[in-house]
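*Asks:* What follows is a single structure, and I will ask about it in a moment.
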4 protein chains.
Amino acid sequence: MYSFKNDYAEGAHPNILQKLLETNLVQQDGYGEDNYSREAKQLLKQKMDNPQAAIYFVSGGTQTNLIVISALLRPHEAVISAKTGHIYANETGAVEAVGHRVITVGAENGKLTPTDIQQVLQEYSLRPHVVKPRMVYISNSTEIGTIYKKSELEQLSAYCRSKDLYLFMDGARLGHALTAKSNDLSLSDITRYTDVFYIGGTKNGALLGEAVVFNNTLLATDFDYMLKQKGALLAKGRLLGIQFLTLFEGDLYFALAKHANEMAIKIADAMEAQGYSFLTAPTTNQIFPILPKRVMEKLAQKYAFYIWKPIDEDRFAVRLITSWATDENKVNEFINSLKE
Amino acid sequence: MYSFKNDYAEGAHPNILQKLLETNLVQQDGYGEDNYSREAKQLLKQKMDNPQAAIYFVSGGTQTNLIVISALLRPHEAVISAKTGHIYANETGAVEAVGHRVITVGAENGKLTPTDIQQVLQEYSLRPHVVKPRMVYISNSTEIGTIYKKSELEQLSAYCRSKDLYLFMDGARLGHALTAKSNDLSLSDITRYTDVFYIGGTKNGALLGEAVVFNNTLLATDFDYMLKQKGALLAKGRLLGIQFLTLFEGDLYFALAKHANEMAIKIADAMEAQGYSFLTAPTTNQIFPILPKRVMEKLAQKYAFYIWKPIDEDRFAVRLITSWATDENKVNEFINSLKE
Amino acid sequence: MYSFKNDYAEGAHPNILQKLLETNLVQQDGYGEDNYSREAKQLLKQKMDNPQAAIYFVSGGTQTNLIVISALLRPHEAVISAKTGHIYANETGAVEAVGHRVITVGAENGKLTPTDIQQVLQEYSLRPHVVKPRMVYISNSTEIGTIYKKSELEQLSAYCRSKDLYLFMDGARLGHALTAKSNDLSLSDITRYTDVFYIGGTKNGALLGEAVVFNNTLLATDFDYMLKQKGALLAKGRLLGIQFLTLFEGDLYFALAKHANEMAIKIADAMEAQGYSFLTAPTTNQIFPILPKRVMEKLAQKYAFYIWKPIDEDRFAVRLITSWATDENKVNEFINSLKE
Amino acid sequence: MYSFKNDYAEGAHPNILQKLLETNLVQQDGYGEDNYSREAKQLLKQKMDNPQAAIYFVSGGTQTNLIVISALLRPHEAVISAKTGHIYANETGAVEAVGHRVITVGAENGKLTPTDIQQVLQEYSLRPHVVKPRMVYISNSTEIGTIYKKSELEQLSAYCRSKDLYLFMDGARLGHALTAKSNDLSLSDITRYTDVFYIGGTKNGALLGEAVVFNNTLLATDFDYMLKQKGALLAKGRLLGIQFLTLFEGDLYFALAKHANEMAIKIADAMEAQGYSFLTAPTTNQIFPILPKRVMEKLAQKYAFYIWKPIDEDRFAVRLITSWATDENKVNEFINSLKE
């Protein structure tokens, strides 16, 4: 049984484990004050061409989302998200648990537009009887594999600024977005268009870890307190620093994401050649082919994947995810199985 | 200018003010331990035929909703509401502010059914990545003037019990529901079908005040602490006790609501006679006629009301609300204006 | 049995009930947008000589405290209070329930000094492992009847400003403080020395109601949302407006407090004449005489009061509170009982 | 410069890194559903002789504390802690941020007794104006290096049960407690005497990770939701499972703690031989010698440690911490430096 269920089925890229071994007994200060974390932050700033950024390492995506939102919003303020957004669909009410409504938009492709936001602002205008929308949360790539084009992000960013809304990008799969074939965004663009975003490690080769980047550094005020309060400040912060240092030495981070994308697209191409269609156009490492029940069941005997939803009586949309660790041989075998 | 904007434009029923005057200098214990509150609770239990109920007086609806929900739910649990529900549409995220998601259902008539709830349970099944629906919140009458029939409430109640969901009824306008012509529910039925509900005073003749009733008294455990913590325990709790005592001596509470309903239906009948239709069938003291722009604007010169939403280029749905204090002469004048 | 247990045993000053009667059927907008509230705010600004202040009416003290603190502090920030402070000793963790630590100082006389605050800042310096003290909460008069002198408030205020700490005064009994014999503070001084404070109505003649005053109006940003979210925005806001309008027409508010103080001091003087001592020097309407057990028990047969704490085997400190409604005849009777 | 500042200055025990390498490419389910986590839980249950326990892995101590407390307490309930307790002194108000007061007791040796708890219950008896104490939080070893004797824990446990208080033990340094010379408690005792406790990995050889054990399994109901909501459910939960599996295969966990203790006691013995005294009797891997300023400054040139507090004009209490990784050669060098 080979799994295409997610991009966190394996451990870490070997370079990371190697670096952990090498540095293991070097004494370091705790709570993110270690040299590796410091170096990793410097390196990231260079790669983003944003020397002023304030960077923090956090263990995982849900934690990052809840802390950033909790740090930025006042009690009566709310965040706008696509209905597929991770903060709405997959985080057990983490944002509500820190006191804020997640206002949803039924964006079919998982992406938000200025028009979406405008409609929310109109719906939420009867002050003070409604919450005050104050932040826009987007994911890139989205939870359904799509990506933002530069012009889309630029427009959304301009609209948010005109309405005094923070723009926050969940980059749990940012590597996959930025290495997609149709991508025209750079890390540096993202620092310009968003107020805060993060670079996901967990789903791209790290054991755990996300790097939160505040481009609007005023918003980072006292963020260290917030991390500690929410239980996100690891005593051995070195574990996060070492991983990001490794991932961003050379081009490893992007190479890993590119591999994941290529494996997904290879499968998608084979499926398309067989005449199958997709829920959303295959772009990154998550693809959503629509398969006849019989084909799906056959594949499920040898491969693990997630059944997304029924399409009609005979067909199902499924989700296949590839990762930095996906074995091309297994991909080839899968394609062969498909052809049978 | 005469207002049909809401049912809280005037002060209190004169009997209440009279009783406040009479009792003014009698010394009483504070924080709800006064004799008037005690008597009022006894009286309510008799009227509901529910001697075991645990009753508490609270200042207003938003406060009641947030305290009840906060008292009953654990941090990962959520409440289901119609999209028009007061807790979702009008309370500035009060429920989220105490940590819980409000899961909405787009119920067109403002009412929830077992099928609605079932769909939510299915959507929220991927434990532990989603919140756990644990309570169903309904309003009677609803925010758009509709009411629950006995069979509807019975079925919803049975379904909730089968799924271990609390059923909580917001009765800010319970008097209006129970005195509607088509109503077949009694106070006593409501104590049987719901776990907790409240009897609204503010919108039916009191200066302020809602009476929260726990039929499932286990759920009332430590509710006094919750009231105090959320700032709801008035030092002069007598103010609430005296009002409910007055409203439920004899049949005043229901007489007031009946008057409000009759005034609304009188207007609705006149409108129907003029050929106008309604967003929802006029039932209680809130009616939502659809008027041509010209008519609406003409009426707006002499009467205040709320524009609900545009229907098409020429027509608008408006909301008219009557109350215990609505002057029948003004209603007649309004009807005459309408005929012109 | 006559009660000296608290200052909320009776209803409201008759002028208030009279005004409620007179205005009862005048239609008004809801949620604090009524004319009475507007006028009352204007009147208060004049009395305080602070035309720029932002004023809001709230039902009670606990509610006011939790909303102001929740509105002003970020999640990692804390408020400093005397251990006797109402937010620490009497509000069921209302402040913690909105997420903030109350850091206490064991101030014996119930008052805080710059030295107290300095010690707290030092204790809480190990950033980011501790909360960040950001607000100083004081009460005037305090929960044990003492008051701030002008020079004390001035120094505390200057210290707070030098350390970027908000100064918040709980004025549940502000009337009693400002009419104490030894008082040298004016309402206008308080607007200069504090960032936000409130003028208590509940304990000085109103049925309920506190007037929150933001001198630092930036801090009032979006406070209306906060009120609504926490359930503090009464539908019939007129009830609060009418009361403050009545209390501040002429000098009623201060006359009522002065009466309360005089009654307390009359008792205190009689006790002192009998040779009894006090926990804190009698200053306002709360006095804490130390009585032999036998005397205490004898008085308790005819008068209700609160046993504060045992002093030694034979003596107890008790708390006697007088109010705007305290009957001087009863005070005289009490003094006679004492002499026996 | 060699550091005695804390027990998390190095990475992980080499066996852990080795096991991470070996298992790195084995595909596993995410979010704690991996085989390693499952096996580790089985192993722990055996070692504790508690087959019914419910066990969860969490990244760190602050996170564990806030989630356990948030999961167990209702909004008006509070937790009692020593003033030195980690939840009060070192976690940036994490417990208050989830809504609960931490009631402190000034326990000089860092330990709580039934008498302490009884006094708190008395202080917090004026229902409903005060929070309701519902949980007792203790640390073993404590934040100042002391440990609970079996009889102490037994009495505290019995008292808590008699008062319906949960007993929660923070075991961030449980290994060090259980391997102290004077210890007479076993893991199995702890499962009997506490409702919930945790076994700390971070400070005893893991990269990160604490194992929360519910002995009272009813209290674990829905704990998986709580973990996810607070951002504690790692996508690659294997990282925690693998570490606990390694630490509890054989006796590694206890061997590591024993080494840390021995190194600390070796230093303490040498200091005692030099005539220095201690704040608390050296027992585990944290010692608090009182040193003359001159000696302290001299040592500080070559060794890093924490200055705890000034004792008098000339002397300071310092904190020295050893760990599983402490090099005995460095300890010897330190002792030599001390002798000079």
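Quick note on naming: the chains in the structure tokens go A, B, ... in the order shown, residues restart at 1 in each chain, and ligands are numbered from 1 in order of appearance.
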Enumerate as a PyMOL selection string the residues belonging to chain A that approach chain D to within 9 Å, with only C-alpha atoms taken into account.
*Replies:* chain A and resi 2-3+5-6+8-14+17-18+20-21+23-30+59-66+91-95+97-98+202-203+207-208+225-226+228-236+238-239+325
*Asks:* For the alpha helix (DSSP H) assignment from backbone DSSP, which residues of range 46-254 of chain C qualify? Please present them as an MDAnalysis selection string.
*Replies:* chainID C and resid 46:48 61:72 86:89 94:97 114:123 150:162 174:178 187:193 223:229 238:248 252:254
*Asks:* Skipping near chain neighbours, those fewer than 5 positions away, what residues fall within 10 Å of Tyr56 in chain B using only C-alpha atoms, listed as a list in words?
*Replies:*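 The neighbour list is Gly32, Ser37, Arg38, Lys41, Thr64, Tyr198, Glu210, Ala211, Val212, Val213, Phe214, Ala220, Phe223, Asp224, Leu227, Leu233, Leu240 and Gly241 of chain B.
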*Asks:* Could you turn the residues from that selection into a file that holds N, CA, C and O atoms, as an mmCIF file, in the first residue's frame?
*Replies:*
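Result file is again-v4.cif:
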data_model
loop_
_atom_site.group_PDB
_atom_site.id
_atom_site.type_symbol
_atom_site.label_atom_id
_atom_site.label_comp_id
_atom_site.auth_asym_id
_atom_site.auth_seq_id
_atom_site.Cartn_x
_atom_site.Cartn_y
_atom_site.Cartn_z
ATOM 1 N N GLY B 32 -30.195 39.333 43.175
ATOM 2 C CA GLY B 32 -31.206 38.321 42.863
ATOM 3 C C GLY B 32 -31.747 37.577 44.066
ATOM 4 O O GLY B 32 -32.589 36.689 43.927
ATOM 5 N N SER B 37 -37.901 38.662 43.316
ATOM 6 C CA SER B 37 -37.360 37.686 42.362
ATOM 7 C C SER B 37 -37.793 36.279 42.745
ATOM 8 O O SER B 37 -38.164 35.467 41.896
ATOM 9 N N ARG B 38 -37.741 36.001 44.019
ATOM 10 C CA ARG B 38 -38.146 34.694 44.501
ATOM 11 C C ARG B 38 -39.617 34.407 44.142
ATOM 12 O O ARG B 38 -39.950 33.356 43.600
ATOM 13 N N LYS B 41 -40.180 33.881 40.439
ATOM 14 C CA LYS B 41 -39.763 32.544 39.977
ATOM 15 C C LYS B 41 -40.828 31.507 40.315
ATOM 16 O O LYS B 41 -41.137 30.631 39.499
ATOM 17 N N THR B 64 -28.023 36.950 27.671
ATOM 18 C CA THR B 64 -28.563 35.630 27.980
ATOM 19 C C THR B 64 -27.966 34.593 27.046
ATOM 20 O O THR B 64 -27.506 33.524 27.480
ATOM 21 N N TYR B 198 -35.762 30.999 27.113
ATOM 22 C CA TYR B 198 -36.060 32.161 27.942
ATOM 23 C C TYR B 198 -37.294 32.911 27.491
ATOM 24 O O TYR B 198 -37.747 32.796 26.366
ATOM 25 N N GLU B 210 -34.942 39.270 30.864
ATOM 26 C CA GLU B 210 -35.301 37.994 30.258
ATOM 27 C C GLU B 210 -35.247 36.961 31.386
ATOM 28 O O GLU B 210 -34.377 37.026 32.253
ATOM 29 N N ALA B 211 -36.182 36.016 31.352
ATOM 30 C CA ALA B 211 -36.186 34.961 32.371
ATOM 31 C C ALA B 211 -35.703 33.653 31.743
ATOM 32 O O ALA B 211 -36.392 33.081 30.908
ATOM 33 N N VAL B 212 -34.509 33.227 32.158
ATOM 34 C CA VAL B 212 -33.935 31.984 31.620
ATOM 35 C C VAL B 212 -34.477 30.809 32.417
ATOM 36 O O VAL B 212 -34.413 30.814 33.644
ATOM 37 N N VAL B 213 -34.976 29.805 31.704
ATOM 38 C CA VAL B 213 -35.562 28.641 32.362
ATOM 39 C C VAL B 213 -34.804 27.378 31.952
ATOM 40 O O VAL B 213 -34.742 27.054 30.764
ATOM 41 N N PHE B 214 -34.235 26.702 32.940
ATOM 42 C CA PHE B 214 -33.599 25.408 32.681
ATOM 43 C C PHE B 214 -34.599 24.312 33.035
ATOM 44 O O PHE B 214 -34.962 24.154 34.206
ATOM 45 N N ALA B 220 -28.159 23.685 34.808
ATOM 46 C CA ALA B 220 -28.113 24.955 35.548
ATOM 47 C C ALA B 220 -27.018 24.966 36.609
ATOM 48 O O ALA B 220 -26.793 25.990 37.259
ATOM 49 N N PHE B 223 -24.839 28.035 37.505
ATOM 50 C CA PHE B 223 -25.184 29.125 36.588
ATOM 51 C C PHE B 223 -25.076 30.485 37.274
ATOM 52 O O PHE B 223 -24.836 31.497 36.619
ATOM 53 N N ASP B 224 -25.225 30.508 38.600
ATOM 54 C CA ASP B 224 -25.083 31.779 39.321
ATOM 55 C C ASP B 224 -23.674 32.351 39.175
ATOM 56 O O ASP B 224 -23.487 33.550 38.987
ATOM 57 N N LEU B 227 -23.410 33.923 35.699
ATOM 58 C CA LEU B 227 -24.069 35.227 35.624
ATOM 59 C C LEU B 227 -23.180 36.325 36.193
ATOM 60 O O LEU B 227 -23.012 37.389 35.602
ATOM 61 N N LEU B 233 -25.277 39.824 36.834
ATOM 62 C CA LEU B 233 -25.987 39.759 38.114
ATOM 63 C C LEU B 233 -26.168 41.183 38.638
ATOM 64 O O LEU B 233 -25.244 41.770 39.193
ATOM 65 N N LEU B 240 -35.525 43.276 38.171
ATOM 66 C CA LEU B 240 -35.975 42.232 37.258
ATOM 67 C C LEU B 240 -37.118 41.438 37.873
ATOM 68 O O LEU B 240 -38.114 41.140 37.221
ATOM 69 N N GLY B 241 -36.977 41.102 39.161
ATOM 70 C CA GLY B 241 -38.027 40.331 39.824
ATOM 71 C C GLY B 241 -39.370 41.045 39.800
ATOM 72 O O GLY B 241 -40.411 40.458 39.457
#
*Asks:* Would you mind listing what lies within 6 Å of Ser141 in chain D as a PDB file with C-alpha atoms, in the first residue's frame, with only C-alpha atoms counted and same-chain residues fewer than 2 positions away left out?
*Replies:*
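Listing of around_26.pdb after writing:
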ATOM      1  CA  SER D 139       4.924  20.136  39.798  1.00  0.00           C
ATOM      2  CA  GLY D 145      14.074  21.413  42.608  1.00  0.00           C
ATOM      3  CA  THR D 146      12.107  19.845  45.480  1.00  0.00           C
ATOM      4  CA  ILE D 147      10.084  16.641  45.250  1.00  0.00           C
ATOM      5  CA  ARG D 173      10.898  17.048  35.255  1.00  0.00           C
ATOM      6  CA  LEU D 174       9.177  13.910  36.468  1.00  0.00           C
ATOM      7  CA  ALA D 177      11.850  13.555  40.687  1.00  0.00           C
TER       8      ALA D 177
END
*Asks:* So which residues of range 130-334 of chain C fall under strand (DSSP E) by DSSP, listed as a ChimeraX atom specification?
*Replies:* /C:132-139,166-170,196-200,210-214,286-287,290-292,303-304,306-310,315-321
*Asks:* Fewer than 4 positions away in the same chain doesn't count, so skip those; otherwise give me all residues within 9 Å of range 316-322 of chain D, counting only C-alpha atoms, as an NGL selection string.
*Replies:* :D and (3-7 or 144 or 259-264 or 278-279 or 285-293 or 296 or 304-312 or 326)
*Asks:* Need to verify the contact set: Glu77 in chain A, 7 Å, only C-alpha atoms, exclusion of same-chain residues closer than 5 positions in sequence. Can you return it as a PyMOL selection string?
*Replies:* chain A and resi 100+131-134
*Asks:* Between CA of Asp49 in chain A and CA of Thr221 in chain A, what is the distance, to one decimal in Å?
*Replies:*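 So the answer is 21.3 Å.
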*Asks:* Find the residues around Ser162 in chain D up to 12 Å (only C-alpha atoms counted), leave out those fewer than 3 positions away in its own chain, and share them as a count of residues only.
*Replies:* 12
